[in-house]
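Quick look at final_8.cif (mmCIF, C-alpha atoms):
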```cif
data_target
#
loop_
_atom_site.group_PDB
_atom_site.id
_atom_site.type_symbol
_atom_site.label_atom_id
_atom_site.label_comp_id
_atom_site.auth_asym_id
_atom_site.auth_seq_id
_atom_site.Cartn_x
_atom_site.Cartn_y
_atom_site.Cartn_z
ATOM 1 C CA MET B 62 159.398 98.604 -38.848
ATOM 2 C CA VAL B 63 159.634 94.961 -37.796
ATOM 3 C CA THR B 64 163.078 93.373 -37.858
ATOM 4 C CA LEU B 65 163.302 89.588 -37.807
ATOM 5 C CA ASP B 66 166.007 88.280 -35.498
ATOM 6 C CA PHE B 67 166.635 84.589 -36.225
ATOM 7 C CA ARG B 68 169.383 84.499 -33.603
ATOM 8 C CA THR B 69 166.738 84.579 -30.831
ATOM 9 C CA LEU B 70 165.591 81.117 -31.989
ATOM 10 C CA THR B 71 169.051 79.543 -32.102
ATOM 11 C CA VAL B 72 170.550 80.716 -28.798
ATOM 12 C CA PRO B 73 170.159 78.290 -25.844
ATOM 13 C CA VAL B 74 167.295 80.270 -24.280
ATOM 14 C CA GLY B 75 165.449 80.356 -27.594
ATOM 15 C CA ILE B 76 165.810 76.601 -28.116
ATOM 16 C CA VAL B 77 164.592 75.949 -24.567
ATOM 17 C CA ARG B 78 161.533 78.139 -25.152
ATOM 18 C CA ILE B 79 160.675 76.339 -28.392
ATOM 19 C CA LEU B 80 160.785 73.015 -26.535
ATOM 20 C CA GLU B 81 158.604 74.503 -23.774
ATOM 21 C CA VAL B 82 155.971 75.431 -26.358
ATOM 22 C CA ILE B 83 156.069 71.911 -27.814
ATOM 23 C CA PHE B 84 155.793 70.040 -24.502
ATOM 24 C CA THR B 85 153.096 72.257 -22.966
ATOM 25 C CA CYS B 86 151.106 71.929 -26.204
ATOM 26 C CA ILE B 87 151.419 68.135 -26.071
ATOM 27 C CA SER B 88 150.365 68.131 -22.396
ATOM 28 C CA PHE B 89 147.104 70.027 -22.798
ATOM 29 C CA SER B 90 146.341 68.270 -26.103
ATOM 30 C CA LEU B 91 146.622 64.826 -24.535
ATOM 31 C CA VAL B 92 144.523 65.821 -21.538
ATOM 32 C CA ALA B 93 141.884 67.470 -23.724
ATOM 33 C CA SER B 94 141.648 64.326 -25.863
ATOM 34 C CA VAL B 95 140.703 62.290 -22.783
ATOM 35 C CA GLY B 96 137.667 64.438 -21.983
ATOM 36 C CA HIS B 97 136.538 67.515 -20.101
ATOM 37 C CA THR B 98 135.675 67.916 -16.441
ATOM 38 C CA THR B 99 134.789 70.885 -14.259
ATOM 39 C CA GLU B 100 136.885 69.775 -11.269
ATOM 40 C CA SER B 101 139.125 72.536 -9.936
ATOM 41 C CA PHE B 102 142.343 70.504 -10.057
ATOM 42 C CA TRP B 103 141.757 69.522 -13.702
ATOM 43 C CA THR B 104 140.957 73.148 -14.561
ATOM 44 C CA TRP B 105 144.136 74.334 -12.823
ATOM 45 C CA CYS B 106 146.329 71.906 -14.771
ATOM 46 C CA MET B 107 144.739 72.782 -18.129
ATOM 47 C CA PHE B 108 144.981 76.500 -17.402
ATOM 48 C CA THR B 109 148.656 76.122 -16.456
ATOM 49 C CA TRP B 110 149.642 74.335 -19.664
ATOM 50 C CA CYS B 111 147.581 76.631 -21.904
ATOM 51 C CA PHE B 112 148.753 79.800 -20.133
ATOM 52 C CA CYS B 113 152.433 78.821 -20.274
ATOM 53 C CA PHE B 114 152.087 77.749 -23.927
ATOM 54 C CA CYS B 115 150.506 81.065 -24.964
ATOM 55 C CA VAL B 116 152.850 83.362 -23.035
ATOM 56 C CA THR B 117 155.983 81.462 -24.103
ATOM 57 C CA LEU B 118 154.828 81.614 -27.725
ATOM 58 C CA LEU B 119 154.194 85.352 -27.309
ATOM 59 C CA ILE B 120 157.705 85.865 -25.890
ATOM 60 C CA LEU B 121 159.224 83.971 -28.840
ATOM 61 C CA PHE B 122 157.212 86.067 -31.297
ATOM 62 C CA MET B 123 158.073 89.373 -29.599
ATOM 63 C CA GLU B 124 161.790 88.627 -29.528
ATOM 64 C CA PHE B 125 161.848 87.159 -33.045
ATOM 65 C CA THR B 126 160.225 90.304 -34.467
ATOM 66 C CA SER B 127 162.259 92.613 -32.161
ATOM 67 C CA LEU B 128 159.012 94.072 -30.815
ATOM 68 C CA SER B 129 160.247 93.308 -27.301
ATOM 69 C CA THR B 130 162.541 96.341 -27.531
ATOM 70 C CA LYS B 131 159.582 98.632 -28.163
ATOM 71 C CA VAL B 132 157.296 97.691 -25.256
ATOM 72 C CA PRO B 133 157.275 100.181 -22.325
ATOM 73 C CA ILE B 134 158.196 97.601 -19.694
ATOM 74 C CA SER B 135 161.337 95.941 -18.393
ATOM 75 C CA TRP B 136 161.374 93.002 -20.806
ATOM 76 C CA ASP B 137 164.142 91.102 -18.995
ATOM 77 C CA ASP B 138 162.283 91.369 -15.698
ATOM 78 C CA PHE B 139 159.057 90.239 -17.362
ATOM 79 C CA THR B 140 160.594 87.157 -18.988
ATOM 80 C CA THR B 141 162.445 86.204 -15.806
ATOM 81 C CA ALA B 142 159.353 86.586 -13.643
ATOM 82 C CA PHE B 143 157.283 84.547 -16.098
ATOM 83 C CA ALA B 144 159.892 81.784 -16.316
ATOM 84 C CA MET B 145 159.943 81.483 -12.523
ATOM 85 C CA LEU B 146 156.132 81.542 -12.327
ATOM 86 C CA ALA B 147 155.822 78.958 -15.108
ATOM 87 C CA THR B 148 158.331 76.709 -13.341
ATOM 88 C CA LEU B 149 156.223 76.725 -10.176
ATOM 89 C CA MET B 150 152.893 76.354 -11.987
ATOM 90 C CA VAL B 151 154.040 73.460 -14.168
ATOM 91 C CA LEU B 152 155.666 71.770 -11.167
ATOM 92 C CA ALA B 153 152.345 71.957 -9.294
ATOM 93 C CA SER B 154 150.482 70.556 -12.303
ATOM 94 C CA SER B 155 153.039 67.767 -12.734
ATOM 95 C CA ILE B 156 152.313 66.702 -9.148
ATOM 96 C CA ILE B 157 148.548 67.296 -9.036
ATOM 97 C CA TYR B 158 147.527 65.714 -12.341
ATOM 98 C CA PRO B 159 149.055 62.244 -11.840
ATOM 99 C CA ILE B 160 147.741 62.068 -8.260
ATOM 100 C CA PHE B 161 144.110 62.621 -9.258
ATOM 101 C CA TYR B 162 143.808 61.613 -12.913
ATOM 102 C CA THR B 163 146.274 58.876 -13.900
ATOM 103 C CA CYS B 164 146.134 55.110 -13.601
ATOM 104 C CA PRO B 165 148.414 52.226 -14.735
ATOM 105 C CA THR B 166 146.445 51.810 -17.991
ATOM 106 C CA CYS B 167 145.830 55.524 -18.713
ATOM 107 C CA SER B 168 148.383 55.982 -21.496
ATOM 108 C CA ARG B 169 147.403 59.530 -22.534
ATOM 109 C CA GLN B 170 147.292 60.758 -18.942
ATOM 110 C CA ILE B 171 150.709 59.229 -18.293
ATOM 111 C CA GLY B 172 152.023 60.826 -21.478
ATOM 112 C CA ALA B 173 150.679 64.223 -20.406
ATOM 113 C CA THR B 174 152.375 63.814 -17.028
ATOM 114 C CA VAL B 175 155.720 62.961 -18.658
ATOM 115 C CA THR B 176 155.608 65.937 -21.036
ATOM 116 C CA SER B 177 154.554 68.189 -18.152
ATOM 117 C CA CYS B 178 157.571 67.056 -16.134
ATOM 118 C CA LEU B 179 159.814 67.731 -19.135
ATOM 119 C CA ALA B 180 158.270 71.201 -19.467
ATOM 120 C CA PHE B 181 159.017 71.840 -15.790
ATOM 121 C CA ILE B 182 162.664 70.895 -16.326
ATOM 122 C CA LEU B 183 162.833 73.229 -19.323
ATOM 123 C CA TYR B 184 161.332 76.191 -17.466
ATOM 124 C CA ALA B 185 163.694 75.586 -14.546
ATOM 125 C CA THR B 186 166.556 75.514 -17.057
ATOM 126 C CA GLU B 187 165.370 78.805 -18.522
ATOM 127 C CA VAL B 188 165.398 80.397 -15.068
ATOM 128 C CA GLY B 189 168.984 79.220 -14.641
ATOM 129 C CA LEU B 190 169.971 80.618 -18.048
ATOM 130 C CA ILE B 191 168.452 84.092 -17.711
ATOM 131 C CA ARG B 192 168.834 84.853 -14.021
ATOM 132 C CA ALA B 193 171.483 87.364 -13.020
ATOM 133 C CA LYS B 194 174.974 85.986 -12.483
ATOM 134 C CA PRO B 195 177.280 87.316 -9.715
ATOM 135 C CA GLY B 196 178.643 90.719 -10.714
ATOM 136 C CA GLU B 197 176.233 91.067 -13.627
ATOM 137 C CA ILE B 198 174.080 94.195 -13.997
ATOM 138 C CA SER B 199 170.444 93.254 -14.638
ATOM 139 C CA GLY B 200 166.868 93.811 -13.509
ATOM 140 C CA PHE B 201 165.773 93.134 -9.950
ATOM 141 C CA LEU B 202 163.588 90.152 -10.857
ATOM 142 C CA SER B 203 166.621 88.429 -12.400
ATOM 143 C CA THR B 204 168.335 88.333 -9.003
ATOM 144 C CA VAL B 205 167.718 85.755 -6.285
ATOM 145 C CA PRO B 206 165.553 88.163 -4.185
ATOM 146 C CA GLY B 207 163.501 88.938 -7.281
ATOM 147 C CA LEU B 208 162.927 85.259 -8.058
ATOM 148 C CA LEU B 209 162.021 84.674 -4.427
ATOM 149 C CA LYS B 210 159.363 87.398 -4.700
ATOM 150 C CA VAL B 211 157.675 85.347 -7.434
ATOM 151 C CA LEU B 212 157.945 82.220 -5.274
ATOM 152 C CA GLU B 213 156.465 84.012 -2.256
ATOM 153 C CA ALA B 214 153.504 85.289 -4.273
ATOM 154 C CA PHE B 215 152.876 81.847 -5.801
ATOM 155 C CA VAL B 216 152.944 80.068 -2.436
ATOM 156 C CA ALA B 217 150.520 82.659 -1.059
ATOM 157 C CA CYS B 218 148.164 81.918 -3.983
ATOM 158 C CA ILE B 219 148.169 78.216 -3.051
ATOM 159 C CA ILE B 220 147.338 79.191 0.527
ATOM 160 C CA PHE B 221 144.446 81.380 -0.658
ATOM 161 C CA ILE B 222 143.066 78.528 -2.780
ATOM 162 C CA CYS B 223 143.076 76.235 0.255
ATOM 163 C CA LEU B 224 141.453 78.911 2.416
ATOM 164 C CA GLY B 225 138.372 78.799 0.224
ATOM 165 C CA HIS B 226 137.255 75.593 1.954
ATOM 166 C CA ILE B 227 137.977 76.733 5.517
ATOM 167 C CA ASN B 228 135.853 78.827 7.880
ATOM 168 C CA PHE B 229 138.700 80.908 9.283
ATOM 169 C CA SER B 230 136.439 83.760 10.466
ATOM 170 C CA ARG B 231 135.401 81.821 13.575
ATOM 171 C CA LEU B 232 138.778 82.239 15.307
ATOM 172 C CA PRO B 233 140.779 85.482 15.678
ATOM 173 C CA GLY B 234 144.077 83.601 15.458
ATOM 174 C CA LEU B 235 143.222 82.293 11.996
ATOM 175 C CA GLN B 236 142.070 85.770 10.960
ATOM 176 C CA TRP B 237 145.487 87.131 11.912
ATOM 177 C CA CYS B 238 147.195 84.464 9.797
ATOM 178 C CA VAL B 239 145.022 85.328 6.796
ATOM 179 C CA ALA B 240 145.950 88.985 7.298
ATOM 180 C CA VAL B 241 149.640 87.997 7.295
ATOM 181 C CA TYR B 242 149.246 86.043 4.058
ATOM 182 C CA SER B 243 147.324 88.884 2.416
ATOM 183 C CA ILE B 244 149.640 91.741 3.435
ATOM 184 C CA CYS B 245 152.806 89.918 2.386
ATOM 185 C CA PHE B 246 151.196 88.761 -0.870
ATOM 186 C CA ILE B 247 150.124 92.302 -1.784
ATOM 187 C CA PHE B 248 153.614 93.625 -1.150
ATOM 188 C CA ALA B 249 155.238 90.882 -3.256
ATOM 189 C CA VAL B 250 152.845 91.495 -6.167
ATOM 190 C CA LEU B 251 153.388 95.262 -5.987
ATOM 191 C CA ILE B 252 157.158 94.769 -6.132
ATOM 192 C CA ILE B 253 156.795 92.532 -9.195
ATOM 193 C CA ILE B 254 154.442 94.960 -10.959
ATOM 194 C CA PHE B 255 156.482 98.061 -10.107
ATOM 195 C CA THR B 256 159.666 96.356 -11.318
ATOM 196 C CA ILE B 257 158.224 95.174 -14.631
ATOM 197 C CA CYS B 258 156.550 98.559 -15.272
ATOM 198 C CA ARG B 259 159.717 100.462 -14.280
ATOM 199 C CA LEU B 260 157.989 102.373 -11.495
ATOM 200 C CA LEU B 261 160.455 101.747 -8.661
ATOM 201 C CA SER B 262 161.438 105.411 -8.720
ATOM 202 C CA LEU B 263 158.014 106.223 -7.267
ATOM 203 C CA PHE B 264 159.014 104.757 -3.903
ATOM 204 C CA PRO B 265 159.476 107.561 -1.338
ATOM 205 C CA ALA B 266 162.688 105.945 -0.039
ATOM 206 C CA PRO B 267 165.551 103.943 -1.594
ATOM 207 C CA PHE B 268 164.064 100.724 -2.953
ATOM 208 C CA ASP B 269 166.669 98.407 -1.455
ATOM 209 C CA LYS B 270 166.117 99.821 2.046
ATOM 210 C CA VAL B 271 162.325 99.550 1.685
ATOM 211 C CA LEU B 272 162.761 95.957 0.531
ATOM 212 C CA ILE B 273 164.840 95.011 3.560
ATOM 213 C CA VAL B 274 162.383 96.583 6.026
ATOM 214 C CA CYS B 275 159.412 94.838 4.426
ATOM 215 C CA ASN B 276 161.243 91.497 4.300
ATOM 216 C CA VAL B 277 162.142 91.706 7.990
ATOM 217 C CA LEU B 278 158.523 92.529 8.860
ATOM 218 C CA ALA B 279 157.337 89.650 6.670
ATOM 219 C CA VAL B 280 159.674 87.222 8.451
ATOM 220 C CA LEU B 281 158.380 88.325 11.857
ATOM 221 C CA MET B 282 154.760 88.082 10.724
ATOM 222 C CA TYR B 283 155.244 84.655 9.178
ATOM 223 C CA ILE B 284 156.928 83.394 12.339
ATOM 224 C CA THR B 285 153.715 84.182 14.205
ATOM 225 C CA ALA B 286 151.650 82.484 11.475
ATOM 226 C CA VAL B 287 153.802 79.337 11.590
ATOM 227 C CA VAL B 288 152.965 79.017 15.296
ATOM 228 C CA ILE B 289 149.380 80.310 15.370
ATOM 229 C CA TRP B 290 147.907 78.553 12.309
ATOM 230 C CA PRO B 291 148.508 74.940 13.416
ATOM 231 C CA LEU B 292 147.753 75.853 17.046
ATOM 232 C CA TYR B 293 144.266 77.114 16.190
ATOM 233 C CA SER B 294 143.616 74.726 13.300
ATOM 234 C CA PHE B 295 144.393 71.383 14.932
ATOM 235 C CA LYS B 296 143.429 72.051 18.550
ATOM 236 C CA ASN B 297 140.468 69.757 19.340
ATOM 237 C CA ASN B 298 140.222 69.065 15.611
ATOM 238 C CA PRO B 299 141.634 65.597 14.769
ATOM 239 C CA ARG B 300 141.577 64.266 11.233
ATOM 240 C CA PRO B 301 138.089 62.884 10.432
ATOM 241 C CA SER B 302 137.956 59.161 9.722
ATOM 242 C CA TYR B 303 136.102 59.696 6.444
ATOM 243 C CA CYS B 304 139.060 61.612 4.990
ATOM 244 C CA SER B 305 140.884 58.347 4.298
ATOM 245 C CA ASN B 306 138.116 57.361 1.876
ATOM 246 C CA LEU B 307 138.022 60.665 -0.031
ATOM 247 C CA VAL B 308 140.309 61.997 -2.723
ATOM 248 C CA PHE B 309 139.587 65.528 -1.534
ATOM 249 C CA CYS B 310 139.106 66.341 2.164
ATOM 250 C CA SER B 311 138.873 69.901 3.452
ATOM 251 C CA TRP B 312 140.775 68.952 6.634
ATOM 252 C CA ASN B 313 143.823 68.197 4.497
ATOM 253 C CA ASN B 314 143.837 71.834 3.420
ATOM 254 C CA LEU B 315 144.775 72.762 6.977
ATOM 255 C CA VAL B 316 147.908 70.640 6.620
ATOM 256 C CA VAL B 317 148.713 72.121 3.211
ATOM 257 C CA ILE B 318 148.404 75.663 4.574
ATOM 258 C CA SER B 319 150.628 74.810 7.552
ATOM 259 C CA PHE B 320 153.275 73.393 5.224
ATOM 260 C CA MET B 321 153.077 76.281 2.755
ATOM 261 C CA THR B 322 153.346 78.775 5.616
ATOM 262 C CA CYS B 323 156.647 77.146 6.580
ATOM 263 C CA VAL B 324 157.790 77.232 2.947
ATOM 264 C CA ASN B 325 157.080 80.942 2.670
ATOM 265 C CA LEU B 326 158.807 81.641 5.990
ATOM 266 C CA VAL B 327 161.961 79.970 4.674
ATOM 267 C CA ALA B 328 161.623 81.919 1.409
ATOM 268 C CA TYR B 329 161.327 85.247 3.243
ATOM 269 C CA ILE B 330 164.306 84.416 5.477
ATOM 270 C CA VAL B 331 166.476 83.594 2.445
ATOM 271 C CA ASP B 332 165.129 86.702 0.697
ATOM 272 C CA THR B 333 166.092 88.866 3.669
ATOM 273 C CA VAL B 334 169.589 87.376 3.893
ATOM 274 C CA TYR B 335 170.239 87.935 0.180
ATOM 275 C CA SER B 336 168.860 91.475 0.357
ATOM 276 C CA PHE B 337 171.175 92.310 3.280
ATOM 277 C CA ARG B 338 174.085 90.820 1.356
ATOM 278 C CA LEU B 339 173.335 92.802 -1.810
ATOM 279 C CA VAL B 340 172.887 96.100 0.038
ATOM 280 C CA PHE B 341 175.529 96.021 2.757
ATOM 281 C CA PHE B 342 178.249 93.812 1.277
ATOM 282 C CA VAL B 343 178.134 93.608 -2.519
ATOM 283 C CA SER B 344 177.314 97.306 -2.967
ATOM 284 C CA ARG B 345 180.315 98.320 -0.845
ATOM 285 C CA THR B 346 182.842 96.232 -2.727
#
```
In structure tokens, what does this structure look like?
Amino acid sequence: MVTLDFRTLTVPVGIVRILEVIFTCISFSLVASVGHTTESFWTWCMFTWCFCFCVTLLILFMEFTSLSTKVPISWDDFTTAFAMLATLMVLASSIIYPIFYTCPTCSRQIGATVTSCLAFILYATEVGLIRAKPGEISGFLSTVPGLLKVLEAFVACIIFICLGHINFSRLPGLQWCVAVYSICFIFAVLIIIFTICRLLSLFPAPFDKVLIVCNVLAVLMYITAVVIWPLYSFKNNPRPSYCSNLVFCSWNNLVVISFMTCVNLVAYIVDTVYSFRLVFFVSRT
């Protein structure tokens, strides 16, 4: 039997989600009214707004009808992971779309950019509202290490997208870096899936200890990637002169990957520090 819970629409998180639905809907509606293109950046932005609109609307519906209590997953972990993912995706779209598709006289494109930025602020606010507070008992993905897992997986996805335009198989150093990105990405995704599906008990060792070991290994591997990737990518490979005349230049992807590798290294270091703190300090108090 379905029970309608109007309180889910009036609490702060519910109000924020309603506004998210409105602003993401406005964003993709304005962009769609301008016209369609098959360019990858345009497709990414449209997918982001449509995906976030649909999933947020689904979350509102599930909680309003109380069906969220009947699904065989960790609902709190799912909503937290999605809010973090949506924050990152909408942030990327809010940066990418105005760079490639707006102009001083493009009113609808500017409007879509503004509403996208507002949606980003709302999703970031939602993350702040539903994440675990100090001393609060909640799912793993509601904690800082859990949110960082979503960030790490998202950054790795950006790296993989950029790798599509690079012939990394010609150098063993670049192959090692791709292996680092892939191994760490797979682990992060498995943690997210196992947490949402409540399968952490299947780990052969205590989950927190496994998490610390994997984070330490990820930090060490990413340290090597931070050094090796730019060393092999930019050696005897200066920026081509024609790149300054192109909106998209494959050489720029090398820079993006170098930067994102550093971002993920910082994320894994912070993740490791928080995991150590949760296991060896908070748990003992």
Give as a PDB file with C-alpha atoms, in the coordinates of the input the set of residues within 9 Å of the point (169.1, 98.4, 2.4), where distances use the file's coordinates and all atoms listed in the file.
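To be explicit, this is the file written out as out_14.pdb:
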```pdb
ATOM      1  CA  PRO B 267     165.551 103.943  -1.594  1.00  0.00           C
ATOM      2  CA  PHE B 268     164.064 100.724  -2.953  1.00  0.00           C
ATOM      3  CA  ASP B 269     166.669  98.407  -1.455  1.00  0.00           C
ATOM      4  CA  LYS B 270     166.117  99.821   2.046  1.00  0.00           C
ATOM      5  CA  VAL B 271     162.325  99.550   1.685  1.00  0.00           C
ATOM      6  CA  LEU B 272     162.761  95.957   0.531  1.00  0.00           C
ATOM      7  CA  ILE B 273     164.840  95.011   3.560  1.00  0.00           C
ATOM      8  CA  VAL B 274     162.383  96.583   6.026  1.00  0.00           C
ATOM      9  CA  SER B 336     168.860  91.475   0.357  1.00  0.00           C
ATOM     10  CA  PHE B 337     171.175  92.310   3.280  1.00  0.00           C
ATOM     11  CA  LEU B 339     173.335  92.802  -1.810  1.00  0.00           C
ATOM     12  CA  VAL B 340     172.887  96.100   0.038  1.00  0.00           C
ATOM     13  CA  PHE B 341     175.529  96.021   2.757  1.00  0.00           C
TER      14      PHE B 341
END
```
Report task. Could you state which residues are captured by the PyMOL selection byres ((chain B and resi 93) around 12) in this file, as an MDAnalysis selection string? Result -> chainID B and resid 86:92 94:98 103:104 106:108 110:111 169:170 173
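When all atoms listed in the file are used to measure the gap to Glu187 in chain B, the shortest distance among B:Thr174, B:Ser127, B:Ser262, B:Thr117 belongs to B:Thr117.
Reported to one decimal place, the separation of CA of Cys310 in chain B from CA of Ile227 in chain B is 11.0 Å.
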**Report entry** Picked residues, the PyMOL selection byres ((chain B and resi 293-300) around 12), expected as a PyMOL selection string
**Finding:** chain B and resi 224+227-238+285-292+301-305+310-319
Report task. Decode the PyMOL selection byres ((chain B and resi 321-329) around 7) for the given file into explicit residues and return them as a list in words. Result ->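 Output of the PyMOL selection byres ((chain B and resi 321-329) around 7): Leu209, Glu213, Val216, Ile220, Asn276, Ala279, Val280, Tyr283, Ile284, Val287, Val317, Ile318, Ser319, Phe320, Ile330, Val331, Asp332 and Thr333 of chain B.
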Query - Two-atom distance - CA of Ala180 in chain B, CA of Ala153 in chain B (Å) - result: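 Taking CA of Ala180 in chain B and CA of Ala153 in chain B, their separation equals 11.8 Å.
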Report task. Just give me the gap between CA of Phe122 in chain B and CA of Gly172 in chain B in Å, one decimal is fine. Result -> 27.6 Å
Report summary line: Residue with the minimum atom-to-atom distance to Pro206 in chain B, picked from B:Ile252, B:Leu281, B:Met123, B:Val82 with only C-alpha atoms counted, is B:Ile252
Requested in this report: Please provide as a PyMOL selection string all residues within 8 Å of Ala249 in chain B, with the sequence filter that same-chain residues fewer than 4 positions apart are discarded (counting all atoms listed in the file).
Outcome: chain B and resi 210-211+213-214+245+253
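The shortest atom-to-atom distance to Val74 in chain B, with all atoms listed in the file taken into account, belongs to B:Tyr184 out of B:Phe161, B:Phe221, B:Phe264, B:Tyr184.
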